[in-house]
$ cat work-v3.cif   # mmCIF, C-alpha atoms and all ligand atoms
data_structure
#
loop_
_atom_site.group_PDB
_atom_site.id
_atom_site.type_symbol
_atom_site.label_atom_id
_atom_site.label_comp_id
_atom_site.auth_asym_id
_atom_site.auth_seq_id
_atom_site.Cartn_x
_atom_site.Cartn_y
_atom_site.Cartn_z
ATOM 1 C CA MET C 177 91.893 126.044 105.313
ATOM 2 C CA GLY C 178 94.901 124.784 107.176
ATOM 3 C CA VAL C 179 96.537 122.474 104.718
ATOM 4 C CA LEU C 180 97.555 124.940 102.055
ATOM 5 C CA GLU C 181 99.044 127.347 104.578
ATOM 6 C CA ARG C 182 101.512 124.826 105.854
ATOM 7 C CA THR C 183 105.040 124.951 104.621
ATOM 8 C CA ASP C 184 106.279 121.498 105.664
ATOM 9 C CA HIS C 185 103.129 119.580 104.701
ATOM 10 C CA ARG C 186 102.889 117.813 108.043
ATOM 11 C CA GLN C 187 99.384 118.321 109.216
ATOM 12 C CA THR C 188 98.829 118.226 112.937
ATOM 13 C CA ASP C 189 95.413 119.801 113.363
ATOM 14 C CA PHE C 190 92.989 117.292 111.886
ATOM 15 C CA SER C 191 89.999 119.461 112.616
ATOM 16 C CA LYS C 192 91.022 121.578 109.653
ATOM 17 C CA GLY C 193 91.221 120.340 106.112
ATOM 18 C CA ALA C 194 91.039 116.587 106.696
ATOM 19 C CA ASN C 195 88.041 114.705 105.349
ATOM 20 C CA ALA C 196 86.303 111.816 107.095
ATOM 21 C CA ASP C 197 88.380 109.393 105.041
ATOM 22 C CA TRP C 198 91.489 111.271 106.158
ATOM 23 C CA THR C 199 92.271 112.525 102.673
ATOM 24 C CA ILE C 200 93.631 116.021 102.213
ATOM 25 C CA PRO C 201 94.690 118.003 99.173
ATOM 26 C CA GLN C 202 98.253 117.146 98.135
ATOM 27 C CA GLY C 203 99.079 120.858 98.162
ATOM 28 C CA PHE C 204 101.392 120.413 95.189
ATOM 29 C CA GLU C 205 101.837 124.146 94.683
ATOM 30 C CA CYS C 206 103.132 124.522 98.235
ATOM 31 C CA TYR C 207 106.245 122.358 98.035
ATOM 32 C CA SER C 208 109.401 124.397 98.389
ATOM 33 C CA GLU C 209 112.364 124.112 96.055
ATOM 34 C CA ALA C 210 114.270 122.414 98.852
ATOM 35 C CA GLU C 211 111.506 119.800 99.185
ATOM 36 C CA HIS C 212 111.590 119.083 95.454
ATOM 37 C CA ARG C 213 115.375 118.761 95.652
ATOM 38 C CA THR C 214 115.047 116.210 98.464
ATOM 39 C CA TRP C 215 112.848 114.052 96.200
ATOM 40 C CA THR C 216 115.298 114.410 93.331
ATOM 41 C CA MET C 217 118.250 113.451 95.504
ATOM 42 C CA LEU C 218 116.435 110.407 96.873
ATOM 43 C CA TYR C 219 115.241 109.474 93.397
ATOM 44 C CA GLU C 220 118.695 109.660 91.850
ATOM 45 C CA ARG C 221 120.255 107.513 94.578
ATOM 46 C CA GLN C 222 117.649 104.797 94.041
ATOM 47 C CA ALA C 223 117.510 104.986 90.235
ATOM 48 C CA ASP C 224 121.220 104.350 90.303
ATOM 49 C CA ILE C 225 121.160 101.128 92.291
ATOM 50 C CA LEU C 226 117.778 99.546 91.491
ATOM 51 C CA PRO C 227 118.386 98.124 87.980
ATOM 52 C CA GLY C 228 119.402 94.508 88.566
ATOM 53 C CA ARG C 229 118.065 94.680 92.140
ATOM 54 C CA ALA C 230 114.388 95.648 91.886
ATOM 55 C CA CYS C 231 112.015 93.284 90.078
ATOM 56 C CA ASP C 232 110.913 93.995 86.497
ATOM 57 C CA ALA C 233 107.371 94.957 87.548
ATOM 58 C CA PHE C 234 108.752 97.736 89.744
ATOM 59 C CA LEU C 235 111.201 99.042 87.138
ATOM 60 C CA HIS C 236 108.527 98.960 84.426
ATOM 61 C CA GLY C 237 106.174 100.814 86.757
ATOM 62 C CA LEU C 238 108.727 103.567 87.341
ATOM 63 C CA ASP C 239 109.004 103.981 83.565
ATOM 64 C CA ALA C 240 105.298 103.745 82.867
ATOM 65 C CA LEU C 241 104.531 106.463 85.425
ATOM 66 C CA ASP C 242 107.327 108.665 84.176
ATOM 67 C CA LEU C 243 108.402 108.939 87.788
ATOM 68 C CA HIS C 244 111.727 110.546 87.150
ATOM 69 C CA GLY C 245 113.807 112.785 89.286
ATOM 70 C CA HIS C 246 112.220 116.123 88.492
ATOM 71 C CA GLY C 247 110.869 116.855 91.914
ATOM 72 C CA ILE C 248 107.889 115.566 93.877
ATOM 73 C CA PRO C 249 105.235 114.295 91.449
ATOM 74 C CA ASP C 250 101.855 115.963 91.109
ATOM 75 C CA PHE C 251 99.293 113.310 92.121
ATOM 76 C CA ARG C 252 96.820 114.609 89.521
ATOM 77 C CA GLN C 253 99.176 113.765 86.666
ATOM 78 C CA LEU C 254 100.263 110.500 88.253
ATOM 79 C CA ASN C 255 96.655 109.442 88.702
ATOM 80 C CA GLU C 256 95.851 109.883 85.012
ATOM 81 C CA LYS C 257 98.509 107.324 84.150
ATOM 82 C CA LEU C 258 97.847 104.994 87.083
ATOM 83 C CA LEU C 259 94.077 104.950 86.553
ATOM 84 C CA ALA C 260 94.525 104.062 82.889
ATOM 85 C CA LEU C 261 96.910 101.214 83.740
ATOM 86 C CA THR C 262 95.189 99.400 86.633
ATOM 87 C CA GLY C 263 92.335 101.545 87.927
ATOM 88 C CA TRP C 264 94.248 102.559 91.070
ATOM 89 C CA ARG C 265 94.591 106.143 92.263
ATOM 90 C CA ILE C 266 96.679 107.909 94.887
ATOM 91 C CA VAL C 267 94.997 109.987 97.600
ATOM 92 C CA ALA C 268 96.967 112.347 99.830
ATOM 93 C CA VAL C 269 96.890 111.803 103.611
ATOM 94 C CA PRO C 270 98.715 113.596 106.420
ATOM 95 C CA GLY C 271 100.622 110.493 107.610
ATOM 96 C CA LEU C 272 99.579 107.213 109.210
ATOM 97 C CA VAL C 273 95.816 106.805 109.152
ATOM 98 C CA PRO C 274 93.701 104.437 111.296
ATOM 99 C CA ASP C 275 93.766 100.813 110.153
ATOM 100 C CA ALA C 276 90.119 100.730 109.083
ATOM 101 C CA VAL C 277 90.543 103.892 107.013
ATOM 102 C CA PHE C 278 93.679 102.504 105.394
ATOM 103 C CA PHE C 279 92.004 99.206 104.469
ATOM 104 C CA GLU C 280 88.876 100.943 103.179
ATOM 105 C CA HIS C 281 91.032 102.914 100.737
ATOM 106 C CA LEU C 282 92.929 99.843 99.536
ATOM 107 C CA ALA C 283 89.724 97.825 99.130
ATOM 108 C CA ASN C 284 88.580 100.541 96.719
ATOM 109 C CA ARG C 285 91.859 100.748 94.801
ATOM 110 C CA ARG C 286 92.961 103.994 96.418
ATOM 111 C CA PHE C 287 96.471 104.176 97.838
ATOM 112 C CA PRO C 288 96.881 106.659 100.719
ATOM 113 C CA ALA C 289 100.176 108.511 100.325
ATOM 114 C CA GLY C 290 101.703 110.934 102.808
ATOM 115 C CA ASN C 291 101.950 114.341 101.144
ATOM 116 C CA PHE C 292 104.948 115.578 103.159
ATOM 117 C CA ILE C 293 108.586 114.793 102.451
ATOM 118 C CA ARG C 294 111.302 113.927 104.963
ATOM 119 C CA GLY C 295 113.789 116.619 105.922
ATOM 120 C CA ALA C 296 117.251 116.687 104.363
ATOM 121 C CA ASN C 297 118.580 115.695 107.815
ATOM 122 C CA GLU C 298 116.649 112.391 107.872
ATOM 123 C CA LEU C 299 117.222 110.995 104.390
ATOM 124 C CA ASP C 300 117.773 107.401 105.499
ATOM 125 C CA TYR C 301 115.396 106.861 108.337
ATOM 126 C CA LEU C 302 111.901 108.024 109.138
ATOM 127 C CA GLU C 303 109.165 106.902 111.455
ATOM 128 C CA GLU C 304 106.203 107.794 109.280
ATOM 129 C CA PRO C 305 105.728 107.059 105.589
ATOM 130 C CA ASP C 306 106.383 110.188 103.525
ATOM 131 C CA VAL C 307 105.688 110.927 99.870
ATOM 132 C CA PHE C 308 108.945 109.353 98.749
ATOM 133 C CA HIS C 309 108.327 106.060 100.536
ATOM 134 C CA ASP C 310 104.673 105.963 99.530
ATOM 135 C CA VAL C 311 104.913 107.109 95.924
ATOM 136 C CA PHE C 312 108.355 105.944 94.834
ATOM 137 C CA GLY C 313 108.214 102.796 96.983
ATOM 138 C CA HIS C 314 104.617 101.622 96.584
ATOM 139 C CA VAL C 315 103.078 103.113 93.477
ATOM 140 C CA PRO C 316 105.241 101.513 90.747
ATOM 141 C CA MET C 317 104.068 98.040 91.851
ATOM 142 C CA LEU C 318 100.454 99.203 91.556
ATOM 143 C CA THR C 319 100.950 99.409 87.770
ATOM 144 C CA ASP C 320 101.307 95.609 87.724
ATOM 145 C CA PRO C 321 97.827 94.079 87.209
ATOM 146 C CA VAL C 322 98.513 91.085 89.476
ATOM 147 C CA PHE C 323 100.031 93.095 92.295
ATOM 148 C CA ALA C 324 97.259 95.680 91.907
ATOM 149 C CA ASP C 325 94.715 92.926 92.598
ATOM 150 C CA TYR C 326 96.747 91.619 95.535
ATOM 151 C CA MET C 327 96.703 95.042 97.195
ATOM 152 C CA GLN C 328 92.966 95.366 96.768
ATOM 153 C CA ALA C 329 92.444 91.856 98.155
ATOM 154 C CA TYR C 330 94.647 92.815 101.094
ATOM 155 C CA GLY C 331 92.446 95.816 101.816
ATOM 156 C CA LYS C 332 89.303 93.675 101.809
ATOM 157 C CA GLY C 333 91.073 91.104 103.972
ATOM 158 C CA GLY C 334 92.145 93.850 106.354
ATOM 159 C CA LEU C 335 88.565 94.940 106.958
ATOM 160 C CA ARG C 336 87.661 91.303 107.698
ATOM 161 C CA ALA C 337 90.707 90.798 109.967
ATOM 162 C CA LEU C 338 89.710 93.886 111.951
ATOM 163 C CA SER C 339 86.230 92.507 112.495
ATOM 164 C CA LEU C 340 87.701 89.142 113.591
ATOM 165 C CA GLY C 341 90.336 90.645 115.889
ATOM 166 C CA SER C 342 93.209 89.157 113.896
ATOM 167 C CA LEU C 343 94.920 92.234 112.563
ATOM 168 C CA ALA C 344 98.318 91.323 114.057
ATOM 169 C CA ASN C 345 98.481 88.220 111.870
ATOM 170 C CA LEU C 346 97.438 90.023 108.704
ATOM 171 C CA ALA C 347 99.741 92.981 109.345
ATOM 172 C CA ARG C 348 102.688 90.552 109.255
ATOM 173 C CA LEU C 349 101.636 89.470 105.776
ATOM 174 C CA TYR C 350 101.720 93.100 104.630
ATOM 175 C CA TRP C 351 105.068 93.645 106.278
ATOM 176 C CA TYR C 352 106.791 90.625 104.752
ATOM 177 C CA THR C 353 105.320 91.100 101.263
ATOM 178 C CA VAL C 354 104.247 94.655 100.395
ATOM 179 C CA GLU C 355 106.950 96.284 102.532
ATOM 180 C CA PHE C 356 109.870 93.833 102.639
ATOM 181 C CA GLY C 357 109.188 91.124 100.064
ATOM 182 C CA LEU C 358 111.756 89.465 97.819
ATOM 183 C CA LEU C 359 110.972 87.699 94.539
ATOM 184 C CA GLU C 360 112.795 84.727 93.049
ATOM 185 C CA THR C 361 113.512 85.104 89.305
ATOM 186 C CA SER C 362 115.584 83.207 86.753
ATOM 187 C CA GLN C 363 118.161 85.975 87.157
ATOM 188 C CA GLY C 364 118.305 85.688 90.937
ATOM 189 C CA LEU C 365 116.583 87.389 93.862
ATOM 190 C CA ARG C 366 114.899 90.715 93.217
ATOM 191 C CA ILE C 367 113.264 93.288 95.520
ATOM 192 C CA TYR C 368 109.579 94.175 95.287
ATOM 193 C CA GLY C 369 108.899 95.457 98.836
ATOM 194 C CA ALA C 370 108.433 99.225 99.156
ATOM 195 C CA GLY C 371 110.351 99.457 102.428
ATOM 196 C CA ILE C 372 113.401 98.060 100.651
ATOM 197 C CA VAL C 373 113.205 99.821 97.276
ATOM 198 C CA SER C 374 112.770 103.215 98.942
ATOM 199 C CA SER C 375 115.879 102.699 101.116
ATOM 200 C CA ARG C 376 119.341 102.791 99.595
ATOM 201 C CA THR C 377 121.037 100.892 102.401
ATOM 202 C CA GLU C 378 118.371 98.196 102.724
ATOM 203 C CA SER C 379 118.275 97.704 98.917
ATOM 204 C CA ILE C 380 121.847 96.480 99.217
ATOM 205 C CA PHE C 381 121.535 94.734 102.584
ATOM 206 C CA ALA C 382 118.401 92.749 101.671
ATOM 207 C CA LEU C 383 120.049 91.136 98.645
ATOM 208 C CA THR C 384 123.707 90.806 99.534
ATOM 209 C CA SER C 385 124.251 90.825 103.294
ATOM 210 C CA ASP C 386 125.191 87.468 104.894
ATOM 211 C CA SER C 387 123.308 88.474 108.028
ATOM 212 C CA PRO C 388 119.546 87.986 107.444
ATOM 213 C CA ASN C 389 117.718 84.719 106.808
ATOM 214 C CA ARG C 390 115.978 84.460 103.444
ATOM 215 C CA LEU C 391 113.188 81.887 103.541
ATOM 216 C CA GLY C 392 110.655 80.554 101.080
ATOM 217 C CA PHE C 393 107.270 82.252 101.497
ATOM 218 C CA ASP C 394 104.667 80.236 103.374
ATOM 219 C CA LEU C 395 101.444 82.047 104.263
ATOM 220 C CA GLU C 396 100.954 80.519 107.695
ATOM 221 C CA ARG C 397 104.626 80.850 108.578
ATOM 222 C CA VAL C 398 104.717 84.514 107.568
ATOM 223 C CA MET C 399 101.579 85.328 109.537
ATOM 224 C CA ARG C 400 103.183 83.928 112.679
ATOM 225 C CA THR C 401 106.509 85.740 112.330
ATOM 226 C CA LEU C 402 107.279 88.780 114.480
ATOM 227 C CA TYR C 403 108.909 91.780 112.811
ATOM 228 C CA ARG C 404 110.915 94.844 113.680
ATOM 229 C CA ILE C 405 110.334 98.372 112.495
ATOM 230 C CA ASP C 406 113.509 100.004 113.795
ATOM 231 C CA ASP C 407 116.304 98.515 111.702
ATOM 232 C CA PHE C 408 117.088 96.207 108.779
ATOM 233 C CA GLN C 409 114.986 93.045 108.746
ATOM 234 C CA GLN C 410 116.440 89.836 110.173
ATOM 235 C CA VAL C 411 114.372 87.666 107.850
ATOM 236 C CA TYR C 412 113.034 88.166 104.330
ATOM 237 C CA PHE C 413 110.469 85.895 102.691
ATOM 238 C CA VAL C 414 110.910 85.003 99.047
ATOM 239 C CA ILE C 415 107.909 84.495 96.740
ATOM 240 C CA PRO C 416 108.201 82.476 93.507
ATOM 241 C CA SER C 417 106.024 84.957 91.565
ATOM 242 C CA LEU C 418 103.540 87.776 92.070
ATOM 243 C CA GLN C 419 100.829 85.482 90.718
ATOM 244 C CA TYR C 420 101.615 82.944 93.450
ATOM 245 C CA LEU C 421 101.165 85.641 96.087
ATOM 246 C CA LEU C 422 97.786 86.642 94.670
ATOM 247 C CA ASP C 423 96.606 83.048 94.245
ATOM 248 C CA VAL C 424 97.623 81.835 97.683
ATOM 249 C CA THR C 425 95.962 84.750 99.448
ATOM 250 C CA THR C 426 92.753 84.931 97.427
ATOM 251 C CA GLY C 427 92.525 81.115 97.529
ATOM 252 C CA THR C 428 92.698 80.944 101.333
ATOM 253 C CA ASP C 429 89.780 81.236 103.716
ATOM 254 C CA PHE C 430 91.322 83.436 106.386
ATOM 255 C CA GLY C 431 88.568 82.862 108.982
ATOM 256 C CA PRO C 432 89.631 79.310 109.921
ATOM 257 C CA LEU C 433 93.281 80.274 109.463
ATOM 258 C CA TYR C 434 93.004 83.072 112.051
ATOM 259 C CA ALA C 435 91.320 80.646 114.454
ATOM 260 C CA LYS C 436 94.186 78.209 114.034
ATOM 261 C CA LEU C 437 96.878 80.899 114.327
ATOM 262 C CA SER C 438 95.339 82.266 117.522
ATOM 263 C CA ARG C 439 96.246 78.979 119.205
ATOM 264 C CA MET C 440 99.854 79.034 117.967
ATOM 265 C CA PRO C 441 102.755 81.060 119.363
ATOM 266 C CA GLY C 442 104.445 83.776 117.338
ATOM 267 C CA ILE C 443 107.770 82.841 115.737
ATOM 268 C CA PRO C 444 110.796 84.859 116.873
ATOM 269 C CA ILE C 445 112.261 87.035 114.191
ATOM 270 C CA ALA C 446 115.475 85.116 113.483
ATOM 271 C CA ALA C 447 114.183 81.574 114.060
ATOM 272 C CA ILE C 448 114.451 78.843 111.463
ATOM 273 C CA GLU C 449 111.724 76.188 111.645
ATOM 274 C CA PRO C 450 112.173 72.574 110.538
ATOM 275 C CA SER C 451 109.633 73.082 107.755
ATOM 276 C CA ASP C 452 111.266 76.244 106.355
ATOM 277 C CA ARG C 453 112.639 76.294 102.835
ATOM 278 C CA ILE C 454 115.965 78.009 103.384
ATOM 279 C CA VAL C 455 117.087 80.228 100.510
ATOM 280 C CA THR C 456 120.019 81.588 102.492
ATOM 281 C CA ARG C 457 120.725 80.922 106.174
ATOM 282 C CA GLY C 458 121.859 84.166 107.783
ATOM 283 C CA THR C 459 124.650 84.696 110.297
ATOM 284 C CA GLN C 460 122.582 87.382 112.141
ATOM 285 C CA ASP C 461 125.917 89.144 112.700
ATOM 286 C CA TYR C 462 124.462 92.542 111.854
ATOM 287 C CA ALA C 463 121.619 92.246 114.382
ATOM 288 C CA ARG C 464 123.906 90.735 117.025
ATOM 289 C CA SER C 465 126.346 93.607 116.721
ATOM 290 C CA GLY C 466 123.526 95.968 117.624
ATOM 291 C CA GLY C 467 122.633 97.251 114.161
ATOM 292 C CA ARG C 468 123.880 100.557 112.852
ATOM 293 C CA MET C 469 121.414 101.461 110.160
ATOM 294 C CA ARG C 470 120.085 104.438 112.059
ATOM 295 C CA GLN C 471 123.536 105.888 112.490
ATOM 296 C CA GLY C 472 124.002 105.785 108.736
ATOM 297 C CA ALA C 473 127.032 103.480 108.839
ATOM 298 C CA ALA C 474 128.123 101.494 105.800
ATOM 299 C CA VAL C 475 126.082 98.453 104.881
ATOM 300 C CA PRO C 476 127.808 95.242 105.959
HETATM 301 N N1 LIG Q 501 98.500 104.543 107.045
HETATM 302 N N2 LIG Q 501 99.292 106.172 105.635
HETATM 303 C C1 LIG Q 501 99.320 104.902 106.073
HETATM 304 N N3 LIG Q 501 100.173 104.022 105.516
HETATM 305 C C2 LIG Q 501 100.232 102.717 105.924
HETATM 306 O O1 LIG Q 501 101.011 101.932 105.382
HETATM 307 C C3 LIG Q 501 99.368 102.299 106.962
HETATM 308 C C4 LIG Q 501 98.498 103.266 107.509
HETATM 309 N N4 LIG Q 501 97.664 102.912 108.501
HETATM 310 C C5 LIG Q 501 97.599 101.565 108.992
HETATM 311 C C6 LIG Q 501 98.530 100.630 108.350
HETATM 312 N N5 LIG Q 501 99.346 101.018 107.423
HETATM 313 C C7 LIG Q 501 98.457 99.192 108.830
HETATM 314 O O2 LIG Q 501 97.135 98.918 109.145
HETATM 315 C C8 LIG Q 501 98.853 98.145 107.821
HETATM 316 O O3 LIG Q 501 100.149 98.313 107.408
HETATM 317 C C9 LIG Q 501 98.673 96.766 108.389
HETATM 318 FE FE FE Q 502 104.845 101.465 103.143
#
$ encode --input "work-v3.cif" --output "structure tokens" --more "lines below"
Ligand code: HBI
Ligand code: FE
Amino acid sequence: MGVLERTDHRQTDFSKGANADWTIPQGFECYSEAEHRTWTMLYERQADILPGRACDAFLHGLDALDLHGHGIPDFRQLNEKLLALTGWRIVAVPGLVPDAVFFEHLANRRFPAGNFIRGANELDYLEEPDVFHDVFGHVPMLTDPVFADYMQAYGKGGLRALSLGSLANLARLYWYTVEFGLLETSQGLRIYGAGIVSSRTESIFALTSDSPNRLGFDLERVMRTLYRIDDFQQVYFVIPSLQYLLDVTTGTDFGPLYAKLSRMPGIPIAAIEPSDRIVTRGTQDYARSGGRMRQGAAVP
């Protein structure tokens, strides 16, 4: 079977080894020393800067899962801890999976995680979610009971959005919460989005740069806002609590909301609307100067 013979864990031939739900064996025994070192390097960079930046739920999750810097984690051991905490489990996948497959996993409290790890030459930027983004970035939040329920609700909502043809709207909600969300706390803004916590440069940029807008979370507003996948975000949405995020999404009937949104234009990425609650108004200087994240330049 193809998967275990591979050395870089990127599976390209899906006729071999992949199941109908796109899961594959993690192939833990096949990681090279260099691959484990890449995890450890990435882990140590993030562990260094996240206290005081990531939210408590994330930091507690890292602790509870014992996700330290000793190489790529074995999903079997991780799942024992995760299952006991919130009933979630990680399943290995070869990379991006079709939307319906992704949502079906989430709706059943399974998080699909890429089993491969980025190369040492692409530490700061990658096109597809790897094991560091997926496990270090996403899994700690799944130890929080409220966030765990939000993710499951999102999966169920995703299946419904697909059937209603409104995936673009719902995908923006995922983007601006699960991937790039900020949380307001009595100690100041904190990161909970996986796209931020798994990136050293964006962990700093998202909280301290003058460039992006930071706006109060509003469900309808977020679902209308365009996003970019190629550089630092130009707008972050700030939630007052994880419970608020769960309540506002499970308390909303998305059917009528999609119908309403389909008649409204998308909101450009850096726009500020009259009804926005402005946490910080950005200069957009970083985006205007062309962005340099991909070249690995210093964070402004
Ligand atoms: N597949 N592995 C993986 N990870 C994702 O985050 C992902 C996916 N497939 C589809 C998808 N995300 C999108 O549908 C959502 O982010 C909206
Ligand atoms: Fe992600």
$ residues_near_ligand --input "work-v3.cif" --ligand "ligand LIG 501 (chain Q)" --cutoff "10 Å" --atoms "all atoms listed in the file" --output "number ranges by chain"
C: 198-199, 267-279, 281, 287-291, 304-307, 309-310, 314, 330-331, 334-335, 338, 343-351, 354-355
$ atom_distance --input "work-v3.cif" --atom1 "atom CA of Ser374 of chain C" --atom2 "atom CA of Ile266 of chain C"
17.2 Å
$ resolve_selection --input "work-v3.cif" --expression "the PyMOL selection byres (((chain C and resi 236) around 12) and not hetatm)" --output "number ranges by chain"
C: 226-227, 230-235, 237-243, 261, 315-320, 368
$ closest_residue --input "work-v3.cif" --among "C:Ala329, C:Ala260, C:Val373, C:Leu421" --to "ligand FE 502 (chain Q)" --atoms "all atoms listed in the file"
C:Val373
$ atom_distance --input "work-v3.cif" --atom1 "atom CA of Phe323 of chain C" --atom2 "atom CA of Leu422 of chain C"
7.2 Å
$ axis_aligned_box --input "work-v3.cif" --around "segment 233-237 of chain C" --padding-each-side "5 Å" --output "AutoDock Vina command-line options"
--center_x 108.7 --center_y 97.9 --center_z 87.1 --size_x 15.0 --size_y 15.9 --size_z 15.3
$ atom_distance --input "work-v3.cif" --atom1 "atom CA of Phe312 of chain C" --atom2 "atom CA of Tyr219 of chain C"
7.9 Å
$ resolve_selection --input "work-v3.cif" --expression "the PyMOL selection byres (((chain C and resi 380-384) around 9) and not hetatm)" --output "MDAnalysis selection string"
chainID C and resid 225 229 356 358 365:367 372 375:379 385:388 390 408:409 411:412 475:476
$ write_last_selection --input "work-v3.cif" --atoms "C-alpha atoms" --output "short mmCIF file (atom, residue, chain, number, x, y, z; two decimals), in the frame of the given file"
data_model
loop_
_atom_site.label_atom_id
_atom_site.label_comp_id
_atom_site.auth_asym_id
_atom_site.auth_seq_id
_atom_site.Cartn_x
_atom_site.Cartn_y
_atom_site.Cartn_z
CA ILE C 225 121.16 101.13 92.29
CA ARG C 229 118.06 94.68 92.14
CA PHE C 356 109.87 93.83 102.64
CA LEU C 358 111.76 89.46 97.82
CA LEU C 365 116.58 87.39 93.86
CA ARG C 366 114.90 90.72 93.22
CA ILE C 367 113.26 93.29 95.52
CA ILE C 372 113.40 98.06 100.65
CA SER C 375 115.88 102.70 101.12
CA ARG C 376 119.34 102.79 99.60
CA THR C 377 121.04 100.89 102.40
CA GLU C 378 118.37 98.20 102.72
CA SER C 379 118.28 97.70 98.92
CA SER C 385 124.25 90.82 103.29
CA ASP C 386 125.19 87.47 104.89
CA SER C 387 123.31 88.47 108.03
CA PRO C 388 119.55 87.99 107.44
CA ARG C 390 115.98 84.46 103.44
CA PHE C 408 117.09 96.21 108.78
CA GLN C 409 114.99 93.04 108.75
CA VAL C 411 114.37 87.67 107.85
CA TYR C 412 113.03 88.17 104.33
CA VAL C 475 126.08 98.45 104.88
CA PRO C 476 127.81 95.24 105.96
#
